[in-house]
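Student: Below is the structure I would like to discuss, written out as structure tokens.
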Amino acid sequence: MNGVAMHIANGIVNAQVSAVAAAVAAAALAICVWRGRADLDDRLAPMAGLVAAFIFAVQMLNFQVLPGVSGHLLGGTLAVVLVGPWVGALCVSTVLIIQCLLFADGGLTALGLNITNMAVIGTAAGYLLVAGLLRLLPKTPRGVAVTTFIASIVSVVVASQAFVLEYALGGTTQLSLATIAGSMAGAHILIGIGEGLIAAVTVATVARVRPDLVYALRRFRNARPAVTPATKTVGVQA
Amino acid sequence: MKKRLGWFIAGGLLVAALLAGVVSSFASSSPDGLDATARQGCTFDADDNITGGTCMLQQEQDHQLKDSPLADYGIKGIDNEFLSTGLSGVLGVAVTFAIGGGVFWLVRRRGHHEQKSDSAAGSASA
């Protein structure tokens, strides 16, 4: 039985910090809708629906990372690569909201915390890495897969530490922060590797079948020749 | 072109439905990284009740919607775990695509840019 809760439950972080996180999440989502609309055309909209549905499915697939500890994909980096940062954050939020309201996973009071950590901070971290790495790595299925793998690991660990910060500010129990930070980071490095593998395989598959549907490939291909104020001769040529 | 996108989306949804509907029953049932951290510091008996120590889990409160018919990724009233988990997963994929895709479709940028098909312009504005 999957009696396992996947996200932050009610009561773990106090009401004040949860309320602040809810406000942060609401503001971030509003910005994402505003900026995301520029990306959302007739092709990206159904693709974004698919990405959300896929993330929902894969989040159900807990994999063992340590004896007695499992993990599941969060999906921020996968979403960034396929549909871009703004729409990607909205995809992860959609999943979290449906999981909370329909599947009673992740407390209603804690929804802002979960969205802030996984949809906003996790996605933002994934985006920064993807944007940076795709300047160095080739825009091929393999290049984008390696990018996705590395960015996923960092994104998951950063999201896990966002929880540690929230717990430090409003945790309802007296526990050693160092211990919590350590065990969250340790578990989530391994979870990040698992997520990185799943996301990389997914992205590489889409990049082979329909490269035009991979936001990161499309976007960076167009952006590259357009803005080159001082082009240095980069010695990487195929 | 439009048709091929439709096929891609359909194929992707089929994969998601298989993952959520079938593979999910073989997922690990160990607590995830967050849950494991929340349990750290407490001792548990065979029925998973806290028997001592200090951990985050002691402060956990019930979910407001814990009586939802789909709570905990199962369908209330279906005793077969494989069916219950699988069907709830497929339902979740369908609902996520319908709500997510629906909202994205409604807020999308209507095509003055490089979009040529103006045929769907008369869609509902409700």
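Within each chain, counting starts at residue 1; across the structure tokens, chains are named A, B, ... in the order shown, with ligands numbered 1 upward in that order.
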List as a tab-separated table every residue of chain A that is in contact with chain B, defined as an atom at most 7 Å from one of its atoms (using only C-alpha atoms), together with the nearest atom pair and the distance in Å rounded to one decimal, sorted by chain and then rising number.

Tutor:
residue	atom	partner	partner_atom	distance
A:Met1	CA	B:Glu81	CA	6.5
A:Asn2	CA	B:Ser29	CA	6.2
A:Gly3	CA	B:Asp72	CA	5.5
A:Val4	CA	B:Pro31	CA	6.0
A:Met6	CA	B:Asp32	CA	6.5
A:Ala9	CA	B:Glu60	CA	6.3
A:Asn10	CA	B:Gln61	CA	5.2
A:Gly11	CA	B:Glu60	CA	4.7
A:Ile12	CA	B:Glu60	CA	5.5
A:Arg37	CA	B:Arg108	CA	5.6
A:Ala38	CA	B:Arg109	CA	6.3
A:Leu40	CA	B:Arg108	CA	4.8
A:Asp41	CA	B:Arg109	CA	5.3
A:Ala45	CA	B:Phe104	CA	5.1
A:Pro46	CA	B:Gly101	CA	5.4
A:Met47	CA	B:Ile9	CA	6.8
A:Ala48	CA	B:Gly101	CA	6.4
A:Gly49	CA	B:Gly101	CA	3.8
A:Leu50	CA	B:Phe97	CA	5.9
A:Ala52	CA	B:Thr96	CA	6.4
A:Ala53	CA	B:Val93	CA	4.8
A:Phe54	CA	B:Ala16	CA	5.1
A:Phe56	CA	B:Val93	CA	6.4
A:Ala57	CA	B:Ala20	CA	4.6
A:Val58	CA	B:Leu19	CA	6.7
A:Met60	CA	B:Ser24	CA	5.8
A:Leu61	CA	B:Ala27	CA	5.0
A:Asn62	CA	B:Ala27	CA	5.0
A:Phe63	CA	B:Ser28	CA	5.3
A:Gln64	CA	B:Ser28	CA	5.9
A:Gly68	CA	B:Ser30	CA	5.2
A:Val69	CA	B:Ser30	CA	5.3
A:Ser70	CA	B:Asp32	CA	4.3
A:Gly71	CA	B:Asp32	CA	4.6
A:Thr94	CA	B:Gly100	CA	6.2
A:Val95	CA	B:Thr96	CA	6.6
A:Ile98	CA	B:Thr96	CA	7.0
A:Leu101	CA	B:Leu65	CA	6.9
A:Leu102	CA	B:Leu70	CA	6.0
A:Phe103	CA	B:Ala71	CA	4.2
A:Ala104	CA	B:Ala71	CA	4.9
A:Asp105	CA	B:Asp72	CA	6.6
A:Gly107	CA	B:His63	CA	5.4
A:Leu108	CA	B:Gln64	CA	6.6
A:Thr172	CA	B:Gln59	CA	6.7
A:Thr173	CA	B:Met56	CA	5.9
A:Ile180	CA	B:Thr37	CA	6.6
A:Ser183	CA	B:Thr37	CA	6.4
A:Met184	CA	B:Gly33	CA	6.5
A:Ala187	CA	B:Gly33	CA	5.4
A:His188	CA	B:Gly33	CA	6.5

Student: Residues near A:Ile31, anyone? I mean within 12 Å using only C-alpha atoms, not counting same-chain ones fewer than 2 positions away, as a ChimeraX atom specification.

Tutor: /A:24-29,33-38,85-87,89-90,120

Student: Would you kindly return, as an NGL selection string, each protein, DNA or RNA residue with an atom no farther than 9 Å from any atom of A:Ala216, considering only C-alpha atoms and excluding same-chain residues fewer than 5 positions away?

Tutor: :A and (80-84 or 130-131 or 134 or 139 or 144 or 221)

Student: For the structure I just gave you, how does DSSP split stretch 7-54 of chain B - specifically, which residues are strand (DSSP E or B)? Reply as a list in words.

Tutor: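 Reading the DSSP output for stretch 7-54 of chain B, strand (DSSP E or B) covers Asp32, Cys42, Thr43, Phe44, Ile50, Thr51, Gly52 and Gly53 of chain B.
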
Student: Please determine, counting only C-alpha atoms, which residue among A:Ser18, A:Val65, A:Thr205, A:Ile8 has the shortest atom-to-atom distance to A:Arg142.

Tutor: A:Thr205

Student: Considering only C-alpha atoms, return as an MDAnalysis selection string whatever protein or nucleic-acid residues lie within 12 Å of A:Leu177, sequence-local ones (same chain, fewer than 6 positions apart) excluded.

Tutor: (chainID A and resid 161 163:171 183:185) or (chainID B and resid 37 56)
